[in-house]
file start21.pdb (PDB, C-alpha atoms and all ligand atoms)
ATOM      1  CA  MET A 121       7.661  -5.720 -13.737
ATOM      2  CA  ARG A 122       6.131  -9.103 -13.177
ATOM      3  CA  HIS A 123       6.483 -11.267 -10.180
ATOM      4  CA  SER A 124       5.446 -14.862 -10.006
ATOM      5  CA  SER A 125       4.050 -16.627  -6.985
ATOM      6  CA  ARG A 126       5.331 -19.922  -8.397
ATOM      7  CA  GLY A 127       5.612 -22.508  -5.683
ATOM      8  CA  ARG A 128       2.551 -21.258  -3.820
ATOM      9  CA  GLU A 129      -0.056 -23.986  -4.014
ATOM     10  CA  PRO A 130      -3.604 -22.907  -4.855
ATOM     11  CA  GLY A 131      -5.601 -22.330  -1.687
ATOM     12  CA  ARG A 132      -2.560 -21.646   0.456
ATOM     13  CA  VAL A 133      -1.248 -18.418   1.934
ATOM     14  CA  ARG A 134       2.103 -17.338   3.275
ATOM     15  CA  LEU A 135       0.938 -15.210   6.209
ATOM     16  CA  SER A 136       3.186 -12.850   8.137
ATOM     17  CA  GLU A 137       0.766 -11.746  10.858
ATOM     18  CA  ILE A 138      -2.773 -10.730  11.764
ATOM     19  CA  PHE A 139      -3.432  -8.106  14.400
ATOM     20  CA  THR A 140      -5.768  -5.231  15.197
ATOM     21  CA  SER A 141      -4.436  -1.757  15.852
ATOM     22  CA  VAL A 142      -4.955   1.906  15.052
ATOM     23  CA  GLU A 143      -4.472   2.695  11.369
ATOM     24  CA  GLY A 144      -1.320   4.738  11.299
ATOM     25  CA  GLU A 145      -1.183   5.913   7.703
ATOM     26  CA  GLY A 146      -3.088   7.798   5.090
ATOM     27  CA  VAL A 147      -6.513   9.361   4.934
ATOM     28  CA  LEU A 148      -8.062   6.824   7.333
ATOM     29  CA  PHE A 149      -5.453   7.154  10.085
ATOM     30  CA  GLY A 150      -6.960   6.625  13.512
ATOM     31  CA  THR A 151      -9.508   3.993  12.496
ATOM     32  CA  LYS A 152      -9.630   0.656  14.318
ATOM     33  CA  THR A 153      -8.216  -1.718  11.736
ATOM     34  CA  MET A 154      -7.441  -5.397  11.392
ATOM     35  CA  PHE A 155      -4.160  -5.859   9.520
ATOM     36  CA  VAL A 156      -3.743  -9.007   7.453
ATOM     37  CA  ARG A 157      -0.069  -8.898   6.538
ATOM     38  CA  LEU A 158       0.905 -11.242   3.726
ATOM     39  CA  ALA A 159       4.477 -12.387   3.446
ATOM     40  CA  GLY A 160       6.624 -11.587   0.458
ATOM     41  CA  CYS A 161       7.470  -8.481  -1.534
ATOM     42  CA  PRO A 162       9.343  -8.205  -4.846
ATOM     43  CA  LEU A 163      10.425  -4.641  -4.054
ATOM     44  CA  LYS A 164      13.278  -3.566  -1.782
ATOM     45  CA  CYS A 165      12.663  -0.062  -0.412
ATOM     46  CA  HIS A 166      15.679   0.900   1.660
ATOM     47  CA  TRP A 167      13.489   2.559   4.296
ATOM     48  CA  CYS A 168      11.071  -0.402   4.530
ATOM     49  CA  ASP A 169       9.810  -0.782   8.105
ATOM     50  CA  THR A 170       8.485  -4.325   7.640
ATOM     51  CA  THR A 171      11.630  -5.995   6.334
ATOM     52  CA  TYR A 172      10.692  -9.179   8.197
ATOM     53  CA  ALA A 173       7.816  -9.596   5.712
ATOM     54  CA  ILE A 174       9.873  -9.130   2.521
ATOM     55  CA  PRO A 175      11.154 -12.718   1.992
ATOM     56  CA  MET A 176       8.674 -14.838   0.067
ATOM     57  CA  ASP A 177       9.293 -17.692   2.513
ATOM     58  CA  SER A 178       8.838 -15.589   5.660
ATOM     59  CA  GLY A 179       5.790 -16.035   7.891
ATOM     60  CA  VAL A 180       3.860 -19.274   8.068
ATOM     61  CA  ASP A 181       2.245 -21.439   5.421
ATOM     62  CA  LEU A 182      -1.502 -21.785   6.003
ATOM     63  CA  SER A 183      -4.556 -22.718   4.004
ATOM     64  CA  VAL A 184      -6.911 -19.920   2.989
ATOM     65  CA  GLU A 185      -9.543 -21.552   5.199
ATOM     66  CA  GLU A 186      -7.192 -21.405   8.198
ATOM     67  CA  VAL A 187      -6.623 -17.696   7.603
ATOM     68  CA  LYS A 188     -10.371 -17.123   7.361
ATOM     69  CA  ASP A 189     -10.711 -18.836  10.760
ATOM     70  CA  ARG A 190      -7.992 -16.580  12.199
ATOM     71  CA  ILE A 191      -9.801 -13.518  10.871
ATOM     72  CA  SER A 192     -13.085 -14.710  12.414
ATOM     73  CA  GLN A 193     -11.461 -15.417  15.781
ATOM     74  CA  GLU A 194      -9.553 -12.140  15.993
ATOM     75  CA  LEU A 195     -12.047  -9.695  14.515
ATOM     76  CA  VAL A 196     -13.163  -7.350  17.310
ATOM     77  CA  PRO A 197     -16.319  -5.205  17.436
ATOM     78  CA  ASN A 198     -16.362  -1.848  15.644
ATOM     79  CA  THR A 199     -13.505  -2.678  13.324
ATOM     80  CA  TYR A 200     -13.700  -0.097  10.555
ATOM     81  CA  LYS A 201     -11.810  -2.053   7.922
ATOM     82  CA  VAL A 202      -9.592  -5.021   7.192
ATOM     83  CA  ASN A 203      -6.320  -3.870   5.668
ATOM     84  CA  PHE A 204      -4.605  -6.294   3.280
ATOM     85  CA  THR A 205      -0.984  -5.320   3.488
ATOM     86  CA  GLY A 206       2.482  -6.835   3.387
ATOM     87  CA  GLY A 207       4.986  -7.385   2.246
ATOM     88  CA  GLU A 208       3.118  -6.783  -0.929
ATOM     89  CA  PRO A 209      -0.408  -8.234  -1.079
ATOM     90  CA  LEU A 210      -0.383  -8.420  -4.895
ATOM     91  CA  ALA A 211       2.369 -11.043  -4.636
ATOM     92  CA  GLN A 212      -0.407 -13.400  -3.399
ATOM     93  CA  HIS A 213      -3.322 -11.798  -5.186
ATOM     94  CA  ARG A 214      -5.451 -14.920  -5.548
ATOM     95  CA  ALA A 215      -5.417 -15.511  -1.800
ATOM     96  CA  VAL A 216      -6.206 -11.829  -1.221
ATOM     97  CA  ILE A 217      -9.260 -12.142  -3.490
ATOM     98  CA  GLU A 218     -10.581 -15.116  -1.523
ATOM     99  CA  LEU A 219      -9.947 -13.481   1.844
ATOM    100  CA  ALA A 220     -11.376 -10.101   0.827
ATOM    101  CA  ARG A 221     -14.522 -11.727  -0.513
ATOM    102  CA  PHE A 222     -14.886 -13.555   2.808
ATOM    103  CA  VAL A 223     -14.446 -10.333   4.819
ATOM    104  CA  LYS A 224     -16.984  -8.430   2.722
ATOM    105  CA  GLU A 225     -19.614 -11.115   2.326
ATOM    106  CA  LYS A 226     -19.396 -13.047   5.589
ATOM    107  CA  LYS A 227     -18.150 -10.423   8.036
ATOM    108  CA  GLY A 228     -19.659  -7.260   6.561
ATOM    109  CA  VAL A 229     -16.473  -5.268   7.146
ATOM    110  CA  LYS A 230     -14.902  -2.910   4.624
ATOM    111  CA  THR A 231     -11.854  -4.141   2.725
ATOM    112  CA  TYR A 232      -8.779  -2.040   2.067
ATOM    113  CA  LEU A 233      -5.802  -2.676  -0.180
ATOM    114  CA  GLU A 234      -2.456  -1.209   0.792
ATOM    115  CA  SER A 235      -0.218  -1.831  -2.191
ATOM    116  CA  ALA A 236       2.793  -0.537  -4.053
ATOM    117  CA  CYS A 237       0.850  -1.418  -7.222
ATOM    118  CA  TYR A 238       3.757  -3.044  -9.018
ATOM    119  CA  ASP A 239       1.518  -5.253 -11.182
ATOM    120  CA  SER A 240      -1.555  -3.625 -12.738
ATOM    121  CA  ALA A 241      -2.884  -6.933 -14.116
ATOM    122  CA  ARG A 242      -3.029  -8.432 -10.639
ATOM    123  CA  PHE A 243      -4.434  -5.179  -9.268
ATOM    124  CA  ALA A 244      -7.289  -5.369 -11.817
ATOM    125  CA  GLU A 245      -8.240  -8.802 -10.497
ATOM    126  CA  VAL A 246      -8.205  -7.729  -6.847
ATOM    127  CA  LEU A 247      -9.927  -4.368  -7.316
ATOM    128  CA  PRO A 248     -13.562  -5.597  -7.428
ATOM    129  CA  TYR A 249     -13.153  -7.021  -3.912
ATOM    130  CA  MET A 250     -11.801  -3.837  -2.340
ATOM    131  CA  ASP A 251     -13.835  -0.959  -0.911
ATOM    132  CA  ILE A 252     -10.878   1.374  -0.394
ATOM    133  CA  VAL A 253      -7.564   1.492  -2.223
ATOM    134  CA  LYS A 254      -4.284   3.173  -1.478
ATOM    135  CA  VAL A 255      -2.000   3.641  -4.470
ATOM    136  CA  GLU A 256       1.548   4.166  -3.299
ATOM    137  CA  PHE A 257       4.058   5.760  -5.644
ATOM    138  CA  LYS A 258       7.747   5.111  -5.096
ATOM    139  CA  LEU A 259      10.364   7.747  -5.797
ATOM    140  CA  LYS A 260      13.743   6.643  -7.098
ATOM    141  CA  ASP A 261      15.446   7.294  -3.796
ATOM    142  CA  ALA A 262      13.301   4.533  -2.229
ATOM    143  CA  ARG A 263      15.527   2.152  -4.219
ATOM    144  CA  ALA A 264      12.488  -0.110  -4.564
ATOM    145  CA  VAL A 265      13.668  -1.707  -7.806
ATOM    146  CA  ALA A 266      17.093  -2.727  -8.988
ATOM    147  CA  GLY A 267      18.216  -2.457 -12.601
ATOM    148  CA  GLY A 268      18.086   1.270 -13.220
ATOM    149  CA  ASP A 269      15.665   3.718 -14.773
ATOM    150  CA  ARG A 270      13.953   1.260 -17.092
ATOM    151  CA  ASN A 271      12.631  -0.874 -14.238
ATOM    152  CA  TYR A 272      11.695   2.236 -12.300
ATOM    153  CA  ALA A 273       9.711   3.554 -15.301
ATOM    154  CA  THR A 274       7.879   0.213 -15.491
ATOM    155  CA  LEU A 275       7.005   0.464 -11.810
ATOM    156  CA  VAL A 276       5.593   3.998 -12.211
ATOM    157  CA  LYS A 277       3.656   2.933 -15.309
ATOM    158  CA  ASN A 278       1.998   0.152 -13.302
ATOM    159  CA  GLU A 279       1.230   2.520 -10.417
ATOM    160  CA  LEU A 280      -0.393   5.046 -12.761
ATOM    161  CA  GLU A 281      -2.422   2.315 -14.439
ATOM    162  CA  CYS A 282      -3.632   1.066 -11.053
ATOM    163  CA  LEU A 283      -4.670   4.604 -10.129
ATOM    164  CA  ARG A 284      -6.575   4.952 -13.409
ATOM    165  CA  MET A 285      -8.418   1.663 -12.875
ATOM    166  CA  ALA A 286      -9.289   2.473  -9.266
ATOM    167  CA  ALA A 287     -10.646   5.896 -10.226
ATOM    168  CA  GLU A 288     -12.666   4.441 -13.116
ATOM    169  CA  ALA A 289     -14.103   1.842 -10.757
ATOM    170  CA  CYS A 290     -15.175   4.713  -8.446
ATOM    171  CA  LYS A 291     -13.076   3.336  -5.568
ATOM    172  CA  LYS A 292     -11.976   6.845  -4.569
ATOM    173  CA  PRO A 293      -8.310   5.838  -4.345
ATOM    174  CA  TYR A 294      -5.922   7.899  -2.374
ATOM    175  CA  VAL A 295      -2.327   8.541  -3.234
ATOM    176  CA  LYS A 296       0.639   8.203  -0.908
ATOM    177  CA  VAL A 297       4.236   9.119  -1.562
ATOM    178  CA  VAL A 298       7.000   8.621   1.007
ATOM    179  CA  VAL A 299       9.594  11.384   0.848
ATOM    180  CA  THR A 300      13.036  11.580   2.396
ATOM    181  CA  ASN A 301      15.322  14.549   2.697
ATOM    182  CA  SER A 302      17.098  13.259  -0.428
ATOM    183  CA  SER A 303      13.995  12.879  -2.600
ATOM    184  CA  ASP A 304      14.363  14.792  -5.840
ATOM    185  CA  LEU A 305      11.910  17.696  -6.154
ATOM    186  CA  LYS A 306      11.912  17.671  -9.955
ATOM    187  CA  GLU A 307      11.202  13.949 -10.056
ATOM    188  CA  PHE A 308       8.419  14.449  -7.492
ATOM    189  CA  THR A 309       6.927  17.345  -9.482
ATOM    190  CA  ASP A 310       6.964  15.310 -12.715
ATOM    191  CA  LEU A 311       5.277  12.432 -10.911
ATOM    192  CA  VAL A 312       2.580  14.728  -9.513
ATOM    193  CA  ARG A 313       1.854  16.042 -13.027
ATOM    194  CA  LYS A 314       1.462  12.470 -14.304
ATOM    195  CA  ILE A 315      -0.801  11.501 -11.391
ATOM    196  CA  PHE A 316      -3.204  14.384 -11.972
ATOM    197  CA  ALA A 317      -3.181  13.768 -15.719
ATOM    198  CA  VAL A 318      -4.676  10.367 -14.874
ATOM    199  CA  THR A 319      -7.349  11.606 -12.449
ATOM    200  CA  ARG A 320      -8.268  14.342 -10.016
ATOM    201  CA  ASP A 321     -10.940  12.167  -8.464
ATOM    202  CA  ILE A 322      -8.943  11.002  -5.459
ATOM    203  CA  ALA A 323      -9.801  10.707  -1.780
ATOM    204  CA  GLY A 324      -6.553  12.272  -0.652
ATOM    205  CA  PHE A 325      -2.906  12.923  -1.396
ATOM    206  CA  ILE A 326      -0.631  12.009   1.477
ATOM    207  CA  ILE A 327       3.011  13.046   1.647
ATOM    208  CA  GLN A 328       4.515  10.738   4.252
ATOM    209  CA  PRO A 329       7.882  11.746   5.718
ATOM    210  CA  SER A 330      10.327   8.860   6.044
ATOM    211  CA  SER A 331      10.789   7.711   9.616
ATOM    212  CA  LYS A 332      14.223   7.346  11.194
ATOM    213  CA  VAL A 333      15.899   7.209   7.745
ATOM    214  CA  ASP A 334      17.008  10.478   6.094
ATOM    215  CA  GLU A 335      14.032  12.323   7.582
ATOM    216  CA  PRO A 336      12.989  15.417   5.601
ATOM    217  CA  VAL A 337      13.258  18.850   7.189
ATOM    218  CA  LEU A 338      10.257  21.190   7.147
ATOM    219  CA  GLU A 339      11.512  23.231   4.182
ATOM    220  CA  ARG A 340      11.722  20.077   2.075
ATOM    221  CA  LEU A 341       8.232  18.986   3.150
ATOM    222  CA  PHE A 342       6.844  22.383   2.152
ATOM    223  CA  ALA A 343       8.544  22.098  -1.238
ATOM    224  CA  PHE A 344       6.818  18.755  -1.893
ATOM    225  CA  TYR A 345       3.522  20.115  -0.538
ATOM    226  CA  ASP A 346       3.750  23.161  -2.810
ATOM    227  CA  ALA A 347       4.242  20.890  -5.822
ATOM    228  CA  VAL A 348       0.884  19.208  -5.165
ATOM    229  CA  TYR A 349      -1.201  22.145  -3.904
ATOM    230  CA  PRO A 350      -1.881  23.783  -7.322
ATOM    231  CA  TYR A 351      -3.531  20.531  -8.431
ATOM    232  CA  TYR A 352      -5.118  19.506  -5.150
ATOM    233  CA  ASP A 353      -5.475  21.825  -2.177
ATOM    234  CA  GLN A 354      -6.394  18.975   0.196
ATOM    235  CA  VAL A 355      -2.846  17.581   0.120
ATOM    236  CA  ARG A 356      -1.582  16.615   3.591
ATOM    237  CA  VAL A 357       1.771  15.890   5.185
ATOM    238  CA  VAL A 358       1.003  12.995   7.556
ATOM    239  CA  PRO A 359       3.579  10.992   9.531
ATOM    240  CA  GLN A 360       2.915   7.437  10.663
ATOM    241  CA  LEU A 361       0.612   7.829  13.663
ATOM    242  CA  HIS A 362       1.246   4.361  15.106
ATOM    243  CA  LYS A 363       4.917   5.208  15.608
ATOM    244  CA  VAL A 364       3.987   8.457  17.381
ATOM    245  CA  ILE A 365       1.694   6.703  19.854
ATOM    246  CA  GLY A 366       3.939   3.677  20.209
ATOM    247  CA  VAL A 367       1.758   0.890  18.892
ATOM    248  CA  ARG A 368       2.452  -1.463  16.018
TER     249      ARG A 368
HETATM  250  S1  LIG B 401       6.940  -2.202  -1.151
HETATM  251 FE1  LIG B 401       6.432  -2.051   1.035
HETATM  252  S2  LIG B 401       6.920  -4.074   1.912
HETATM  253 FE2  LIG B 401       7.940  -3.959  -0.101
HETATM  254  S3  LIG B 401      10.025  -3.248   0.383
HETATM  255 FE3  LIG B 401       8.781  -1.430  -0.122
HETATM  256  S4  LIG B 401       8.008  -0.671   1.876
HETATM  257 FE4  LIG B 401       8.735  -2.802   2.184
END
call {"tool": "encode", "arguments": {"input": "start21.pdb", "output": "structure tokens"}}
result
Amino acid sequence: MRHSSRGREPGRVRLSEIFTSVEGEGVLFGTKTMFVRLAGCPLKCHWCDTTYAIPMDSGVDLSVEEVKDRISQELVPNTYKVNFTGGEPLAQHRAVIELARFVKEKKGVKTYLESACYDSARFAEVLPYMDIVKVEFKLKDARAVAGGDRNYATLVKNELECLRMAAEACKKPYVKVVVTNSSDLKEFTDLVRKIFAVTRDIAGFIIQPSSKVDEPVLERLFAFYDAVYPYYDQVRVVPQLHKVIGVR
């Protein structure tokens, strides 16, 4: 699947928001994190909790230099990382490259890419500027892509390729999969086999229960956990911490 950022002028960013909070997801949950949320996502997960950032024309239009200034003004001491998120950050990958380089070189803070990895070519361009990478895999019941199994297979192919590149670049990627009570165990098990055929050199495997939408019961979570454990005994079921403690 390809997505164009046609219409976005070079040097400009469609920004949804910048804020600092507690990282609520994944292996680095609990770290003080600046979130740089870019507007626009070509996917349409039905349980998306940032729907306001999906439209490509949401947020505000700023120059890259203006966003750098915002980052400088709002960066607080002891920030562990700057998280480029969305929306989908790869939809504006050139701006992400410029901003990530600025964060690393001028601010000395770790960079982190939170992506659904729908475009491995764009991912390859962004990867050198990221210290930490999350590769999120979508199950069919996320309804992330329209158009049936062929588009879904293309999405998974891109996600696997991104994982391979991140592992080869020694970025210690971690894997996240959101599961609902309706997620298909066989599909999940097949996906897990494909993931570990690509690499076992990951920083974590997070099974994230959906929140407020078709939430999985414990038996279902154990079934997904058991599918991963034979490959990777550090698998974790981790809900979104920020929702538990009531912060954004
Ligand atoms: S990829 Fe992320 S931002 Fe895009 S629809 Fe899915 S959950 Fe929402």
call {"tool": "axis_aligned_box", "arguments": {"input": "start21.pdb", "around": "ligand LIG 401 (chain B)", "padding_each_side": "3 Å", "output": "lines of an AutoDock Vina configuration file"}}
result
center_x = 8.2
center_y = -2.4
center_z = 0.5
size_x = 9.6
size_y = 9.4
size_z = 9.3
call {"tool": "residues_around", "arguments": {"input": "start21.pdb", "residues": "Lys363 of chain A", "least_positions_apart": "6", "cutoff": "12 Å", "atoms": "all atoms listed in the file", "output": "ChimeraX atom specification"}}
result
/A:141-145,149,169,330-332
call {"tool": "atom_distance", "arguments": {"input": "start21.pdb", "atom1": "atom CA of Gln212 of chain A", "atom2": "atom CA of Leu135 of chain A"}}
result
9.9 Å
call {"tool": "residues_near_ligand", "arguments": {"input": "start21.pdb", "ligand": "ligand LIG 401 (chain B)", "cutoff": "7 Å", "atoms": "all atoms listed in the file", "output": "VMD selection string"}}
result
chain A and resid 161 to 165 167 to 171 173 to 174 206 to 208 236 264
call {"tool": "closest_residue", "arguments": {"input": "start21.pdb", "among": "A:Lys258, A:Gly366, A:Thr309, A:Phe155", "to": "Leu195 of chain A", "atoms": "only C-alpha atoms"}}
result
A:Phe155
call {"tool": "closest_residue", "arguments": {"input": "start21.pdb", "among": "A:Tyr249, A:Tyr238, A:Phe204, A:Phe257", "to": "Lys224 of chain A", "atoms": "all atoms listed in the file"}}
result
A:Tyr249
call {"tool": "closest_residue", "arguments": {"input": "start21.pdb", "among": "A:Asn271, A:Thr151, A:Gln193, A:Asn278", "to": "Ser235 of chain A", "atoms": "only C-alpha atoms"}}
result
A:Asn278
